[in-house]
Amino acid sequence: MNIRRILQRVILAGIIVASIYFGFQNLRAAIAVGNLKDDPVTAWEVRFQPVKKLLPFKRGAIGFLQNSDVLGTVSDNNEQGEYTLTQYAMSPIILVRGDNQEWTLAEFNSSVYQTWSQSNHGQFRVIPLKYNLYLLHRLTP
Amino acid sequence: MTWLSILVFLPSVWTGILMVHLLWPERGWKAVWVKVFLGIGLGLGQASLLDFIYMLLFSNESGFLFVQLALFAGLLAAFILRERKNLRFSLPRIQFNRLQVILLAGLAVVTVLSVLSAVNVWLREPHGAWDAWMMFNRAARFIYRDQPGWLGSFSHQIDPFFHADYPLQLGMNIAWVWQALGQETQRTPIVLSGLYMLACAGLLGASLNLTKSLGQAGVSLLLLLGSSLIGNEGAAQKADLPLASFFLSTAVLIYLYVYFKKPGLLVLAGFMAGLAAWTKNEGSLFVLVTLPALFIAFFRGHPWRVLGWYLLGLAFPLAIVLYFKEFLAPPSDVMSGGIIHSIQQVLDWSRHVMILKSAGADLLSFGGWGIGFIPILLVYGLIFKLAPSSGLRPAYFAIALILALQAIGYYGIYLITPYDLQWHIDFSIGRLVLQLYIPFLFLFFTIVSDVETVLAVK
């Protein structure tokens with residue numbers, strides 16, 4: 001048996017063994033990523049059921065505010081991720097950054113909410129909800 | 001809901017299989033398997049295209065399932081009418097040699113591991129990965145949850161970040177099955193991703209089994225399923241595997257055209273390329289590059305005839321894509337920086353260096369085996385030797401040219417991207433390599449010597 005034939009058998013055996021080994025590693029890695037019941041998207045969806053019920057329409061656009069909009073900072077990856085998740089959860093309602101719509105959904109921590117409410121006093125009816133969410137209804141045109 | 005989703009998709013899948021058969025009436029079990037796996041993608045694609053038209057005309061109705069059932073019944077009648085004298089059912093006599101038994105046993109283990117990985121991903125992330133829920137499942141929700149106002153899905157008020165300009169193949173398929181089921185269930189996009197995984201892996205194996213050998217199909221599938229490309233990436237519900245599946249289908253059909261000389265195969269190739277454009281924006285680039293590639297590859301034969309058949313298949317899906325892009329979709333973000341800025345970016349050599357470095361690094365490590373699949377294939381090719389058939393040269397050339405031009409196109413998009421280049425590369429290059437790797441795997445194993453012949457196992 002010449003060297004080429006030996007190499008051919010070795011590489012073929014190597015592909016079979018490696019594909020099984022790495023297939024098993026992929027499975028292990030997939031299992032290690034997290035608990036099957038910890039899907040963040042499903043958990044996020046639950047937060048927005050009350051918001052949908054409170055809105056007087058099922059389609060159209062609402063405003064969306066986060067801490068960075070009040071603090072004047074650049075939104076970080078967490079905020080960007082939450083914005084994306086919220087749009088997915090609220091579909092087919094369109095989230096438009098800012099508070100220029102009649103209704104606005106705000107996701108503020110308590111100190112940011114205090115800051116925001118001082119500078120927007122009387123302009124919105126505020127409906128506080130769980131999970132640091134506030135539904136804002138613009139009172140002034 | 002999993003079984004109900006499968007049941008609702010079945011008429012579309014069968015419609016696809018029958019369409020393939022009516023355009024390519026090749027007989028034999030090996031050809032049947034190729035038709036089945038081609039038919040899955042084609043069936044899902046045609047359902048999505050037709051549902052788009054249905055929704056434009058009857059957005060208040062939920063009867064699209066009956067359109068699919070009627071189409072299936074019509075094609076079944078045409079099939080029976082044409083095949084009534086030839087309908088004979090006989091099981092194939094299968095005999096495996098020792099090498100094939102070893103390869104198939106390894107493949108069976110790898111397939112089981114791949115399926116278990118996919119099930120784990122589906123259970124852990126029923127909404128799919130980030131891109132899946134942000135773009136495709138979100139689009140499906142807009143269409144299903146506000147059926148009469150579904151055109152609002154393309155409102156210019158939607159943040160460009162959500163890519164409402166992306167074509168609707170996946171979104172429409174998910175939405176119409178939800179309409180048929182009367183409820184929104186994550187099992188539907190999960191089943192859809194499973195069907196594309198099956199179509200992609202199945203087509204790679206079945207087409208190599210038809211045109212080369214069972215051993216060749218086995219080795220190629222080991223290299224596909226032994227990575228995380230199918231089990232993890234495919235199950236993540238993103239559009240890259242369906243897109244890769246349509247790229248592969250187009251490549252396989254061009255190859256089969258040269259192999260069998262049946263024009264119907266080129267019509268199907270054009271249709272598959274159009275479905276790629278209906279799946280993701282990269283598919284539009286694919287359509288653009290296939291045209292000159294086919295013309296050049298068949299230049300010594302009948303390039304206009306080849307292009308004519310190809311365009312015949314491409315016309316319908318491309319017309320839908322153009323209508324969607326022209327009249328509904330918000331502008332794409334690729335050129336949002338402006339033409340002057342794009343030219344400045346192209347002239348910036350540091351961008352070229354960054355793209356080439358990242359692409360090189362990804363190619364050398366792609367596949368998750370420590371050593372990249374490209375170096376592995378290079379060594380495999382050297383040891384097993386290439387044995388291209390002179391009669392199939394236009395097919396090799398066409399597929400290689402398509403893949404090369406597509407890669408150059410991706411390079412160009414990186415050059416002009418309005419996003420931070422390194423972020424864009426890190427975020428997407430693995431998926432772009434995946435899209436091209438699967439048709440490349442097919443091309444490679446059509447050219448390299450059959451494993452059975454080389455090892456002289458009869």
# chains A, B, ... in the order shown; residues from 1 in each chain; ligands from 1

$ interface_residues --of "chain A" --to "chain B" --cutoff "9 Å" --atoms "only C-alpha atoms" --output "number ranges by chain"
A: 4-5, 7-9, 11-12, 15-24, 26-31, 33-42, 58-61, 84-85, 87-89, 91-97

$ residues_around --residues "stretch 385-388 of chain B" --least-positions-apart "2" --cutoff "8 Å" --atoms "only C-alpha atoms" --output "VMD selection string"
chain B and resid 380 to 383 390 392 to 393 446 to 449

$ write_last_selection --atoms "N, CA and C atoms" --output "PDB file, in the first residue's frame"
ATOM      1  N   TYR B 380      -7.763  17.414   1.336  1.00  0.00           N
ATOM      2  CA  TYR B 380      -8.570  16.307   0.809  1.00  0.00           C
ATOM      3  C   TYR B 380      -8.441  16.240  -0.718  1.00  0.00           C
ATOM      4  N   GLY B 381      -8.541  17.405  -1.352  1.00  0.00           N
ATOM      5  CA  GLY B 381      -8.435  17.470  -2.812  1.00  0.00           C
ATOM      6  C   GLY B 381      -7.074  17.013  -3.306  1.00  0.00           C
ATOM      7  N   LEU B 382      -6.018  17.390  -2.568  1.00  0.00           N
ATOM      8  CA  LEU B 382      -4.663  16.989  -2.972  1.00  0.00           C
ATOM      9  C   LEU B 382      -4.477  15.483  -2.840  1.00  0.00           C
ATOM     10  N   ILE B 383      -5.026  14.917  -1.790  1.00  0.00           N
ATOM     11  CA  ILE B 383      -4.819  13.485  -1.536  1.00  0.00           C
ATOM     12  C   ILE B 383      -5.730  12.625  -2.413  1.00  0.00           C
ATOM     13  N   SER B 390     -14.676  16.462 -18.553  1.00  0.00           N
ATOM     14  CA  SER B 390     -14.591  17.558 -19.543  1.00  0.00           C
ATOM     15  C   SER B 390     -15.979  17.986 -20.019  1.00  0.00           C
ATOM     16  N   LEU B 392     -18.565  18.312 -18.301  1.00  0.00           N
ATOM     17  CA  LEU B 392     -19.276  19.096 -17.285  1.00  0.00           C
ATOM     18  C   LEU B 392     -18.592  20.432 -17.006  1.00  0.00           C
ATOM     19  N   ARG B 393     -17.581  20.757 -17.808  1.00  0.00           N
ATOM     20  CA  ARG B 393     -16.803  21.978 -17.557  1.00  0.00           C
ATOM     21  C   ARG B 393     -17.660  23.249 -17.469  1.00  0.00           C
ATOM     22  N   THR B 446     -18.226  17.460  -6.615  1.00  0.00           N
ATOM     23  CA  THR B 446     -18.491  17.033  -8.002  1.00  0.00           C
ATOM     24  C   THR B 446     -17.167  16.936  -8.776  1.00  0.00           C
ATOM     25  N   ILE B 447     -16.173  17.691  -8.333  1.00  0.00           N
ATOM     26  CA  ILE B 447     -14.896  17.717  -9.071  1.00  0.00           C
ATOM     27  C   ILE B 447     -13.903  16.680  -8.538  1.00  0.00           C
ATOM     28  N   VAL B 448     -13.884  16.489  -7.208  1.00  0.00           N
ATOM     29  CA  VAL B 448     -12.900  15.579  -6.622  1.00  0.00           C
ATOM     30  C   VAL B 448     -13.281  14.116  -6.932  1.00  0.00           C
ATOM     31  N   SER B 449     -12.291  13.257  -7.002  1.00  0.00           N
ATOM     32  CA  SER B 449     -12.541  11.841  -7.352  1.00  0.00           C
ATOM     33  C   SER B 449     -13.487  11.178  -6.351  1.00  0.00           C
TER      34      SER B 449
END

$ closest_residue --among "A:Ala13, A:Ile3, A:Val112, A:Met90" --to "A:Leu55" --atoms "only C-alpha atoms"
A:Met90

$ residues_around --residues "B:Ile343" --least-positions-apart "2" --cutoff "12 Å" --atoms "only C-alpha atoms" --output "CSV table (one decimal) with N, CA and C atoms, in the first residue's frame"
chain,number,residue,atom,x,y,z
B,335,MET,N,-26.9,52.0,1.0
B,335,MET,CA,-26.4,53.2,0.3
B,335,MET,C,-26.8,54.5,1.1
B,337,GLY,N,-25.3,56.1,3.3
B,337,GLY,CA,-24.3,57.1,3.5
B,337,GLY,C,-24.1,58.1,2.4
B,338,GLY,N,-24.8,57.8,1.2
B,338,GLY,CA,-24.6,58.7,0.0
B,338,GLY,C,-23.5,58.2,-0.9
B,339,ILE,N,-23.6,58.6,-2.1
B,339,ILE,CA,-22.7,58.1,-3.2
B,339,ILE,C,-21.3,58.6,-3.0
B,340,ILE,N,-21.2,59.9,-2.6
B,340,ILE,CA,-19.8,60.5,-2.4
B,340,ILE,C,-19.1,59.8,-1.3
B,341,HIS,N,-19.8,59.6,-0.2
B,341,HIS,CA,-19.2,58.9,1.0
B,341,HIS,C,-18.8,57.5,0.6
B,345,GLN,N,-15.2,55.7,0.8
B,345,GLN,CA,-14.9,54.5,1.5
B,345,GLN,C,-14.2,53.5,0.6
B,346,VAL,N,-14.6,53.4,-0.6
B,346,VAL,CA,-13.9,52.4,-1.6
B,346,VAL,C,-12.5,52.8,-1.7
B,347,LEU,N,-12.1,54.1,-1.7
B,347,LEU,CA,-10.7,54.5,-1.9
B,347,LEU,C,-9.9,54.4,-0.7
B,348,ASP,N,-10.5,54.0,0.5
B,348,ASP,CA,-9.8,53.9,1.7
B,348,ASP,C,-9.2,52.5,1.8
B,349,TRP,N,-7.8,52.5,1.7
B,349,TRP,CA,-7.2,51.2,1.6
B,349,TRP,C,-7.2,50.4,2.9
B,412,GLY,N,-17.7,44.1,-1.8
B,412,GLY,CA,-18.1,45.5,-2.2
B,412,GLY,C,-19.1,46.1,-1.2
B,413,ILE,N,-20.0,45.3,-0.7
B,413,ILE,CA,-21.0,45.8,0.3
B,413,ILE,C,-20.2,46.2,1.6
B,415,LEU,N,-17.3,47.3,1.7
B,415,LEU,CA,-16.6,48.5,1.5
B,415,LEU,C,-17.4,49.8,1.7
B,416,ILE,N,-18.7,49.7,1.2
B,416,ILE,CA,-19.6,50.8,1.3
B,416,ILE,C,-20.6,50.9,2.4
B,417,THR,N,-20.4,49.9,3.4
B,417,THR,CA,-21.4,49.8,4.5
B,417,THR,C,-21.4,51.1,5.2
B,418,PRO,N,-22.6,51.6,5.6
B,418,PRO,CA,-22.7,52.8,6.4
B,418,PRO,C,-22.4,52.5,7.9

$ atom_distance --atom1 "atom CA of B:Ile425" --atom2 "atom CA of B:Arg351"
10.9 Å

$ select_by_dssp --residues "chain A" --states "helix (DSSP H, G or I)" --output "NGL selection string"
:A and (3-32 or 40-47 or 49-54 or 67-71 or 77-90 or 110-119)

$ residues_around --residues "stretch 114-131 of chain A" --least-positions-apart "5" --cutoff "9 Å" --atoms "only C-alpha atoms" --output "list in words"
Arg47, Pro50, Val51, Val70, Leu71, Glu107, Phe108, Asn109, Leu136, His137, Arg138, Leu139, Thr140 and Pro141 of chain A

$ write_last_selection --atoms "C-alpha atoms" --output "short mmCIF file (atom, residue, chain, number, x, y, z; two decimals), in the first residue's frame"
data_model
loop_
_atom_site.label_atom_id
_atom_site.label_comp_id
_atom_site.auth_asym_id
_atom_site.auth_seq_id
_atom_site.Cartn_x
_atom_site.Cartn_y
_atom_site.Cartn_z
CA ARG A 47 -44.32 42.51 30.36
CA PRO A 50 -50.99 45.17 29.92
CA VAL A 51 -49.65 47.91 27.63
CA VAL A 70 -33.83 61.69 29.38
CA LEU A 71 -30.22 61.65 30.49
CA GLU A 107 -39.00 52.42 30.18
CA PHE A 108 -37.41 54.44 33.01
CA ASN A 109 -35.72 53.50 36.23
CA LEU A 136 -47.78 58.23 28.72
CA HIS A 137 -50.80 59.88 27.12
CA ARG A 138 -50.09 63.32 25.77
CA LEU A 139 -52.54 65.91 27.15
CA THR A 140 -51.28 68.92 25.23
CA PRO A 141 -51.24 68.93 21.41
#

$ residues_around --residues "stretch 13-15 of chain B" --least-positions-apart "4" --cutoff "6 Å" --atoms "only C-alpha atoms" --output "list in words"
Ile40, Gly43 and Phe72 of chain B
